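Asker: Questions regarding the structure given below will be posed in turn.
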Amino acid sequence: MLGSGFIGRFYADSIQGYRSRDKIVSIYSRRKESAKKFADDYNVGFYTTNLEEAIARPEVDVVCISLPNHMHEEAVMLCCKHQKAVITTKPLGRNGEEARRMLEAVEKAGIFNGYLEDLVYTPKFIKALESVQNGALGRILWAKSRETHPGPHSDWFWDMELAGGGCILDLGCHCVEISRSYIGKDIKPVEVMCWADTQVKPIDAEDHAIGLVKYENGAIGQFEVSWTFRGGLDLRDEVMGTEGTIWINSFLRTGFDMFTTGKGADYVAEKAESNSGWLFPVGDELNELGYNHMFMDMFNAMENGSSPKETFYDGYVVNCILDAAYRSAKSKQWEPVKLDIWRGKTGVTKDSHLVEFDKDHYLVKEEVTHYGAKKLILKNKTTGKISERTIE
Ligand SMILES: NC(=O)c1ccc[n+]([C@@H]2O[C@H](COP(=O)([O-])OP(=O)(O)OC[C@H]3O[C@@H](n4cnc5c(N)ncnc54)[C@H](O)[C@@H]3O)[C@@H](O)[C@H]2O)c1
């Protein structure tokens with residue numbers, strides 16, 4: 001494990017938390033006392049403040065990168081050098097260029113690589129995606145994902161150079177991969193329109209943004225991200241298809257509401273802003289946030305010699321989409337997604353959206369009214385004239 005901070009500890013809880021046979025055997029942290037504390041807490045045999053030493057240990061099968069964004073590339077290159085399988089937290093890089101170098105390096109080195117995008121492994125997401133893939137929503141038209149909270153917990157996130165960006169990069173990476181999964185990861189993202197601003201925090205990076213990602217098949221992805229949202233961690237997805245709709249609230253409303261005056265109150269849930277009054281705790285964060293299913297997929301894939309659901313390639317595509325979002329926020333124009341490496345479909349066109357009614361008409365819609373009439377709205381194929389028929 002590289003990094004003993006916020007996400008390193010979530011990951012460790014997930015990896016070792018359920019009498020698992022997976023074990024952290026080596027921990028790197030910047031400070032010796034943090035490394036030792038992590039080693040004590042998780043019963044890790046070796047701790048160090050030397051990155052390469054932590055990776056090169058012979059008992060290490062796979063390296064889990066839980067380091068600040070500016071250190072991902074250095075850590076990945078060391079994994080390549082020592083031929084260690086590598087899984088890394090999000091975002092893969094601070095930009096598409098960095099992500100591409102990492103992708104090319106792991107593939108050249110021939111090592112297993114996984115991208116730890118936990119939010120496409122939450123139980124709700126897995127079930128929702130299954131329904132989408134079974135056709136329950138028909139053709140996906142729009143997939144929106146929102147992640148907003150009051151801002152990150154460590155200094156380096158707020159430093160543009162170290163983090164690589166603000167909330168677009170930090171939170172948009174989750175949202176983009178969620179929408180992309182619903183729309184189809186083999187469908188090419190073509191262009192992005194994004195608004196971003198620094199509305200509240202005294203920082204150079206954006207603290208609030210909304211973006212639209214257009215896909216080659218005509219579907220639209222949307223992300224809403226903020227470091228200025230008050231009220232906790234708001235994680236919501238909405239998917240709209242020709243045959244159905246999905247709304248998911250992953251964190252603030254999980255069906256667990258609690259009131260307390262604050263007596264005996266402690267930690268409630270990630271980024272919760274209060275521990276008194278009406279609260280929305282989360283039963284099992286490791287599961288609700290997808291960490292358990294994510295590591296299961298990663299380690300199963302490693303053992304089977306297959307690829308996990310999320311690889312460095314996915315991280316690279318996400319970074320390229322976010323690069324276009326940053327360009328658009330500046331230019332105020334739709335900006336193309338520049339993907340030098342694309343492994344999905346090409347030349348996909350918009351599916352026909354016309355529903356045949358009879359040889360002369362397309363069906364626009366049908367509706368049963370409150371007074372019991374069944375109405376049909378039709379469009380004449382040759383004249384284009386719209387008409388209605390009441391059939392009962
Ligand atoms: N849901 C998620 O997937 C999720 C959530 C939070 C963070 N992350 C990602 O995890 C990575 C680490 O974030 P975190 O929240 O654990 O950060 P953190 O600040 O809590 O921990 C960072 C760790 O890296 C080590 N480190 C080494 N060099 C450092 C440096 N120069 N500055 C700061 N720390 C240094 C620290 O010792 C510490 O153990 C980031 O890439 C972040 O985007 C992912």
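Residue numbers start at 1 in each chain; chains themselves are named A, B, ... in the order of the structure tokens; ligands are numbered from 1 in the order shown.
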Within region 21-220 of chain A, find each residue whose DSSP state, derived from the backbone, is helix (DSSP H, G or I), and express the selection as a PyMOL selection string.
Answerer: chain A and resi 32-42+51-56+69-81+96-109+118-120+123-133+155-158+160-163+167-170+172-183
Asker: Taking only C-alpha atoms and all ligand atoms into account, which residues have an atom no farther than 6 Å from ligand 1? I'd like them as a list in words.
Answerer: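 Those residues are Gly3, Ser4, Gly5, Phe6, Ile7, Gly8, Ser29, Arg30, Arg31, Ser66, Leu67, Pro68, Asn69, Thr89, Lys90, Pro91, Glu117, Asp118, Ser154, Trp156 and Asp170 of chain A.
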Asker: Go ahead and write the selection's residues with N, CA and C atoms as a tab-separated table (two decimals), in the first residue's frame.
Answerer:
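The resulting file, selection39.tsv, is shown below:
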chain	number	residue	atom	x	y	z
A	3	GLY	N	0.74	5.07	0.56
A	3	GLY	CA	-0.10	6.15	1.10
A	3	GLY	C	-0.92	5.61	2.26
A	4	SER	N	-0.84	6.33	3.37
A	4	SER	CA	-1.55	5.84	4.57
A	4	SER	C	-2.60	6.84	5.00
A	5	GLY	N	-3.11	7.61	4.03
A	5	GLY	CA	-4.06	8.67	4.37
A	5	GLY	C	-5.50	8.20	4.27
A	6	PHE	N	-6.33	9.13	3.86
A	6	PHE	CA	-7.77	8.95	3.82
A	6	PHE	C	-8.18	7.72	3.01
A	7	ILE	N	-7.75	7.67	1.75
A	7	ILE	CA	-8.23	6.57	0.90
A	7	ILE	C	-7.44	5.29	1.19
A	8	GLY	N	-6.17	5.42	1.56
A	8	GLY	CA	-5.38	4.24	1.91
A	8	GLY	C	-6.04	3.45	3.03
A	29	SER	N	4.58	5.50	3.61
A	29	SER	CA	3.97	6.79	3.88
A	29	SER	C	5.07	7.83	3.90
A	30	ARG	N	4.68	9.10	3.73
A	30	ARG	CA	5.70	10.16	3.67
A	30	ARG	C	6.42	10.31	5.00
A	31	ARG	N	5.67	10.18	6.06
A	31	ARG	CA	6.28	10.33	7.40
A	31	ARG	C	6.36	8.98	8.10
A	66	SER	N	-2.32	4.87	-3.35
A	66	SER	CA	-3.27	5.75	-2.64
A	66	SER	C	-2.57	7.07	-2.32
A	67	LEU	N	-1.83	7.56	-3.28
A	67	LEU	CA	-1.00	8.76	-3.09
A	67	LEU	C	-1.66	9.97	-3.74
A	68	PRO	N	-1.23	11.18	-3.33
A	68	PRO	CA	-1.73	12.38	-4.00
A	68	PRO	C	-1.49	12.30	-5.52
A	69	ASN	N	-2.34	13.02	-6.26
A	69	ASN	CA	-2.35	12.90	-7.73
A	69	ASN	C	-0.97	13.08	-8.38
A	89	THR	N	-5.67	4.54	-7.48
A	89	THR	CA	-6.87	5.32	-7.22
A	89	THR	C	-7.10	6.34	-8.33
A	90	LYS	N	-8.23	7.00	-8.26
A	90	LYS	CA	-8.60	8.02	-9.25
A	90	LYS	C	-8.08	9.40	-8.82
A	91	PRO	N	-7.92	10.36	-9.70
A	91	PRO	CA	-7.88	10.18	-11.16
A	91	PRO	C	-6.57	9.49	-11.54
A	117	GLU	N	-11.89	2.94	-9.71
A	117	GLU	CA	-13.07	3.82	-9.77
A	117	GLU	C	-14.20	3.12	-9.00
A	118	ASP	N	-14.24	3.39	-7.71
A	118	ASP	CA	-15.15	2.63	-6.84
A	118	ASP	C	-16.63	2.84	-7.15
A	154	SER	N	-7.48	17.28	2.63
A	154	SER	CA	-6.02	17.46	2.78
A	154	SER	C	-5.55	18.64	1.95
A	156	TRP	N	-3.00	19.17	-0.11
A	156	TRP	CA	-2.52	19.05	-1.49
A	156	TRP	C	-3.65	19.14	-2.52
A	170	ASP	N	-11.18	16.16	-9.52
A	170	ASP	CA	-11.31	15.35	-8.31
A	170	ASP	C	-12.62	14.56	-8.28
Asker: Mind checking which residues fall within 12 Å of Trp342 (chain A), counting only C-alpha atoms, ignoring those fewer than 2 positions away in the same chain, and posting them as a ChimeraX atom specification?
Answerer: /A:100,185-190,313-314,316-318,320,337-340,344-346
Asker: If you count only C-alpha atoms, which residues fall within 12 Å of Ser26 (chain A), apart from same-chain ones fewer than 6 positions away, as a CSV table (one decimal) with N, CA and C atoms, in the first residue's frame?
Answerer:
chain,number,residue,atom,x,y,z
A,1,MET,N,0.8,-1.2,0.0
A,1,MET,CA,0.0,0.0,0.0
A,1,MET,C,0.9,1.2,0.0
A,2,LEU,N,0.7,2.1,-1.0
A,2,LEU,CA,1.4,3.4,-1.0
A,2,LEU,C,0.5,4.5,-0.6
A,3,GLY,N,0.7,5.1,0.6
A,3,GLY,CA,-0.1,6.1,1.1
A,3,GLY,C,-0.9,5.6,2.3
A,4,SER,N,-0.8,6.3,3.4
A,4,SER,CA,-1.5,5.8,4.6
A,4,SER,C,-2.6,6.8,5.0
A,12,ALA,N,-7.7,-0.2,2.9
A,12,ALA,CA,-7.2,-1.2,3.9
A,12,ALA,C,-8.4,-1.8,4.6
A,35,ALA,N,3.6,5.9,8.8
A,35,ALA,CA,3.8,4.5,8.2
A,35,ALA,C,3.7,3.5,9.4
A,36,LYS,N,4.3,3.9,10.5
A,36,LYS,CA,4.3,2.9,11.6
A,36,LYS,C,2.9,2.8,12.2
A,38,PHE,N,0.1,3.1,10.6
A,38,PHE,CA,-0.7,2.3,9.7
A,38,PHE,C,-0.3,0.8,9.9
A,39,ALA,N,1.0,0.6,10.0
A,39,ALA,CA,1.5,-0.8,10.1
A,39,ALA,C,0.9,-1.4,11.4
A,40,ASP,N,0.9,-0.6,12.5
A,40,ASP,CA,0.3,-1.2,13.7
A,40,ASP,C,-1.2,-1.4,13.6
A,42,TYR,N,-3.0,-2.0,11.0
A,42,TYR,CA,-3.4,-3.1,10.0
A,42,TYR,C,-2.5,-4.3,10.1
A,43,ASN,N,-1.7,-4.3,11.1
A,43,ASN,CA,-0.8,-5.5,11.2
A,43,ASN,C,0.0,-5.8,10.0
A,44,VAL,N,0.7,-4.7,9.6
A,44,VAL,CA,1.5,-4.8,8.3
A,44,VAL,C,3.0,-5.1,8.7
A,45,GLY,N,3.6,-6.1,8.1
A,45,GLY,CA,4.9,-6.5,8.5
A,45,GLY,C,6.0,-5.5,8.2
A,46,PHE,N,5.9,-4.7,7.2
A,46,PHE,CA,7.0,-3.8,6.8
A,46,PHE,C,6.5,-2.4,6.5
A,47,TYR,N,7.2,-1.4,7.1
A,47,TYR,CA,6.8,0.0,6.8
A,47,TYR,C,8.1,0.8,6.4
A,48,THR,N,7.9,1.8,5.6
A,48,THR,CA,9.0,2.6,5.1
A,48,THR,C,8.6,4.0,4.6
A,49,THR,N,9.5,4.9,4.5
A,49,THR,CA,9.2,6.2,3.9
A,49,THR,C,9.9,6.2,2.5
A,50,ASN,N,10.4,5.1,2.1
A,50,ASN,CA,11.0,5.0,0.7
A,50,ASN,C,10.1,4.2,-0.2
A,51,LEU,N,9.6,5.0,-1.2
A,51,LEU,CA,8.6,4.5,-2.1
A,51,LEU,C,9.1,3.2,-2.8
A,52,GLU,N,10.3,3.3,-3.4
A,52,GLU,CA,10.8,2.1,-4.2
A,52,GLU,C,10.9,0.9,-3.3
A,53,GLU,N,11.4,1.1,-2.1
A,53,GLU,CA,11.6,0.0,-1.2
A,53,GLU,C,10.3,-0.7,-0.9
A,54,ALA,N,9.2,0.1,-0.7
A,54,ALA,CA,7.9,-0.5,-0.4
A,54,ALA,C,7.4,-1.4,-1.6
A,55,ILE,N,7.7,-0.9,-2.8
A,55,ILE,CA,7.2,-1.6,-4.0
A,55,ILE,C,8.0,-2.9,-4.2
A,56,ALA,N,9.3,-2.8,-4.1
A,56,ALA,CA,10.2,-3.9,-4.5
A,56,ALA,C,10.2,-5.1,-3.6
A,57,ARG,N,9.6,-5.0,-2.4
A,57,ARG,CA,9.6,-6.1,-1.5
A,57,ARG,C,9.2,-7.4,-2.2
A,58,PRO,N,9.9,-8.5,-1.9
A,58,PRO,CA,9.5,-9.8,-2.7
A,58,PRO,C,8.1,-10.3,-2.3
A,59,GLU,N,7.6,-10.0,-1.1
A,59,GLU,CA,6.3,-10.5,-0.8
A,59,GLU,C,5.2,-9.7,-1.4
A,60,VAL,N,5.5,-8.7,-2.1
A,60,VAL,CA,4.4,-7.8,-2.7
A,60,VAL,C,4.0,-8.4,-4.1
A,61,ASP,N,2.7,-8.7,-4.2
A,61,ASP,CA,2.2,-9.2,-5.5
A,61,ASP,C,1.6,-8.1,-6.3
A,62,VAL,N,1.0,-7.1,-5.6
A,62,VAL,CA,0.3,-6.1,-6.3
A,62,VAL,C,0.4,-4.8,-5.4
A,63,VAL,N,0.6,-3.7,-6.1
A,63,VAL,CA,0.8,-2.4,-5.5
A,63,VAL,C,-0.4,-1.6,-5.6
A,64,CYS,N,-0.9,-1.0,-4.5
A,64,CYS,CA,-2.1,-0.2,-4.5
A,64,CYS,C,-1.7,1.2,-4.3
Asker: Determine which residues of region 53-159 of chain A DSSP labels as strand (DSSP E or B) from the backbone of this structure, then write them out as a ChimeraX atom specification.
Answerer: /A:62-65,85-89,113-116,140-148
Asker: Could you tell me which of A:Ile203, A:Ile248, A:Cys175, A:Ala373 comes closest to Lys127 (chain A) if we count only C-alpha atoms?
Answerer: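 Counting only C-alpha atoms, the residue closest to Lys127 (chain A) is A:Ile248.
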Asker: Considering only C-alpha atoms, state which residue in the set A:Tyr121, A:Phe259, A:Trp158, A:Tyr182 is at the smallest distance from Gly138 (chain A).
Answerer: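 Closest to Gly138 (chain A), using only C-alpha atoms: A:Tyr182.
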Asker: Could you tell me which of A:Cys80, A:Met193, A:Val239, A:Ile178 comes closest to Phe112 (chain A) if we count only C-alpha atoms?
Answerer: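 Among the listed residues, A:Cys80 lies closest to Phe112 (chain A).
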Asker: What does the structure give for the distance between CA of Phe251 (chain A) and CA of Trp227 (chain A), in Å to one decimal?
Answerer: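 Between these atoms lies a distance of 16.2 Å.
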Asker: Between CA of Arg230 (chain A) and CA of Thr88 (chain A), measure the distance and give it in Å to one decimal.
Answerer: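 Spanning CA of Arg230 (chain A) to CA of Thr88 (chain A) is a straight-line distance of 29.1 Å.
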Asker: Counting only C-alpha atoms, what is within 12 Å of Glu147 (chain A), bar same-chain residues fewer than 5 positions away, as a ChimeraX atom specification?
Answerer: /A:119,167-176,178,208-210,222-229,232-237,249-252,271
Asker: The selected residues should be written to file as a CSV table (one decimal), in the first residue's frame (atoms: N, CA and C atoms).
Answerer:
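Final file, part-v4.csv:
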chain,number,residue,atom,x,y,z
A,119,LEU,N,-17.0,4.0,-7.7
A,119,LEU,CA,-18.4,4.3,-7.8
A,119,LEU,C,-19.1,3.6,-9.0
A,167,CYS,N,-12.4,20.7,-8.6
A,167,CYS,CA,-13.5,19.6,-8.4
A,167,CYS,C,-13.8,18.9,-9.7
A,168,ILE,N,-13.5,19.5,-10.9
A,168,ILE,CA,-13.7,18.8,-12.1
A,168,ILE,C,-12.9,17.6,-12.2
A,169,LEU,N,-11.6,17.7,-11.8
A,169,LEU,CA,-10.8,16.5,-11.9
A,169,LEU,C,-11.0,15.6,-10.7
A,170,ASP,N,-11.2,16.2,-9.5
A,170,ASP,CA,-11.3,15.3,-8.3
A,170,ASP,C,-12.6,14.6,-8.3
A,171,LEU,N,-13.7,15.2,-8.6
A,171,LEU,CA,-15.0,14.6,-8.5
A,171,LEU,C,-15.6,14.2,-9.9
A,172,GLY,N,-15.3,15.0,-10.9
A,172,GLY,CA,-15.8,14.8,-12.3
A,172,GLY,C,-15.3,13.4,-12.8
A,173,CYS,N,-14.1,13.0,-12.4
A,173,CYS,CA,-13.6,11.7,-12.9
A,173,CYS,C,-14.6,10.6,-12.5
A,174,HIS,N,-15.2,10.6,-11.3
A,174,HIS,CA,-16.2,9.6,-10.9
A,174,HIS,C,-17.4,9.7,-11.8
A,175,CYS,N,-17.9,11.0,-11.9
A,175,CYS,CA,-19.2,11.2,-12.7
A,175,CYS,C,-19.1,10.8,-14.1
A,176,VAL,N,-17.9,11.1,-14.7
A,176,VAL,CA,-17.7,10.8,-16.1
A,176,VAL,C,-17.7,9.3,-16.4
A,178,ILE,N,-19.2,7.1,-14.5
A,178,ILE,CA,-20.5,6.5,-14.3
A,178,ILE,C,-21.4,6.7,-15.5
A,208,HIS,N,-16.7,24.7,-8.5
A,208,HIS,CA,-18.0,24.3,-8.9
A,208,HIS,C,-18.0,24.2,-10.4
A,209,ALA,N,-18.7,23.2,-10.9
A,209,ALA,CA,-18.7,23.0,-12.4
A,209,ALA,C,-19.9,22.1,-12.8
A,210,ILE,N,-20.3,22.4,-14.0
A,210,ILE,CA,-21.3,21.6,-14.7
A,210,ILE,C,-20.9,21.3,-16.1
A,222,GLN,N,-23.8,14.0,-18.4
A,222,GLN,CA,-23.8,15.2,-17.6
A,222,GLN,C,-23.1,15.0,-16.3
A,223,PHE,N,-22.2,16.0,-15.9
A,223,PHE,CA,-21.7,15.9,-14.6
A,223,PHE,C,-21.9,17.2,-13.8
A,224,GLU,N,-22.1,17.1,-12.6
A,224,GLU,CA,-22.3,18.2,-11.7
A,224,GLU,C,-21.4,18.0,-10.5
A,225,VAL,N,-20.4,18.9,-10.3
A,225,VAL,CA,-19.5,18.7,-9.2
A,225,VAL,C,-19.2,20.0,-8.5
A,226,SER,N,-19.0,19.8,-7.2
A,226,SER,CA,-18.7,21.0,-6.4
A,226,SER,C,-17.9,20.7,-5.1
A,227,TRP,N,-17.1,21.6,-4.7
A,227,TRP,CA,-16.4,21.6,-3.4
A,227,TRP,C,-17.0,22.6,-2.5
A,228,THR,N,-18.2,23.1,-2.9
A,228,THR,CA,-18.8,24.2,-2.0
A,228,THR,C,-20.2,23.8,-1.6
A,229,PHE,N,-20.6,22.6,-1.9
A,229,PHE,CA,-22.0,22.1,-1.5
A,229,PHE,C,-22.0,22.0,0.0
A,232,GLY,N,-23.1,17.7,3.3
A,232,GLY,CA,-22.6,16.3,3.3
A,232,GLY,C,-22.1,15.9,1.9
A,233,LEU,N,-22.2,14.7,1.7
A,233,LEU,CA,-21.7,14.1,0.4
A,233,LEU,C,-22.9,13.7,-0.4
A,234,ASP,N,-23.1,14.5,-1.5
A,234,ASP,CA,-24.3,14.3,-2.3
A,234,ASP,C,-23.9,13.5,-3.6
A,235,LEU,N,-24.3,12.2,-3.6
A,235,LEU,CA,-23.9,11.3,-4.7
A,235,LEU,C,-25.2,10.8,-5.4
A,236,ARG,N,-25.5,11.4,-6.6
A,236,ARG,CA,-26.7,11.0,-7.2
A,236,ARG,C,-26.5,10.7,-8.7
A,237,ASP,N,-27.2,9.7,-9.2
A,237,ASP,CA,-27.2,9.5,-10.7
A,237,ASP,C,-28.6,9.5,-11.2
A,249,ASN,N,-29.8,7.5,-5.4
A,249,ASN,CA,-29.2,8.4,-4.4
A,249,ASN,C,-28.3,7.5,-3.6
A,250,SER,N,-27.0,7.7,-3.7
A,250,SER,CA,-26.1,6.7,-3.2
A,250,SER,C,-25.6,7.0,-1.7
A,251,PHE,N,-25.8,8.2,-1.2
A,251,PHE,CA,-25.2,8.5,0.0
A,251,PHE,C,-26.0,9.3,1.0
A,252,LEU,N,-26.6,10.3,0.6
A,252,LEU,CA,-27.4,11.2,1.6
A,252,LEU,C,-28.7,10.6,1.9
A,271,LYS,N,-17.7,13.1,5.0
A,271,LYS,CA,-18.1,14.5,4.7
A,271,LYS,C,-19.4,15.0,5.3
Asker: Set the distance at 9 Å and use only C-alpha atoms: which residues neighbour Gly290 (chain A) once local chain neighbours fewer than 2 positions away are removed? I'd like the list as a list of chain:residue names.
Answerer: A:Glu117, A:Asp118, A:Leu119, A:Val120, A:Tyr121, A:Thr122, A:Pro123, A:Phe125, A:Glu285, A:Leu286, A:Asn287, A:Glu288, A:Asn292, A:His293, A:Met294, A:Phe295
Asker: Using C-alpha atoms, can you write the selected residues to a file as a JSON list (two decimals), in the first residue's frame?
Answerer:
[["chain", "number", "residue", "atom", "x", "y", "z"],
["A", 117, "GLU", "CA", -13.07, 3.82, -9.77],
["A", 118, "ASP", "CA", -15.15, 2.63, -6.84],
["A", 119, "LEU", "CA", -18.40, 4.32, -7.82],
["A", 120, "VAL", "CA", -18.99, 1.93, -10.71],
["A", 121, "TYR", "CA", -18.85, -0.89, -8.17],
["A", 122, "THR", "CA", -21.52, 0.23, -5.68],
["A", 123, "PRO", "CA", -24.26, -2.36, -5.21],
["A", 125, "PHE", "CA", -24.77, 0.93, -9.58],
["A", 285, "GLU", "CA", -19.61, 2.83, 3.74],
["A", 286, "LEU", "CA", -17.14, 0.31, 2.37],
["A", 287, "ASN", "CA", -19.97, -1.44, 0.61],
["A", 288, "GLU", "CA", -22.12, 1.58, -0.28],
["A", 292, "ASN", "CA", -15.59, -4.27, -1.57],
["A", 293, "HIS", "CA", -16.91, -5.16, -5.01],
["A", 294, "MET", "CA", -14.07, -3.20, -6.58],
["A", 295, "PHE", "CA", -11.27, -5.10, -4.85]]
Asker: Pick out the closest residue to Asn300 (chain A) from this set: A:Gly114, A:Asn319, A:Ala99, A:Glu107. Count only C-alpha atoms.
Answerer: A:Gly114
Asker: I need the residue nearest Thr311 (chain A) from this list: A:Asp297, A:Glu335, A:Lys374, A:Ile140. Use only C-alpha atoms for the distance.
Answerer: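 Checking each of A:Asp297, A:Glu335, A:Lys374, A:Ile140 against Thr311 (chain A), counting only C-alpha atoms, the winner is A:Asp297.
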Asker: Looking at A:Lys124, A:Lys309, A:Arg327, A:His153, which one is nearest to Glu191 (chain A), with distances taken over only C-alpha atoms?
Answerer: A:Arg327
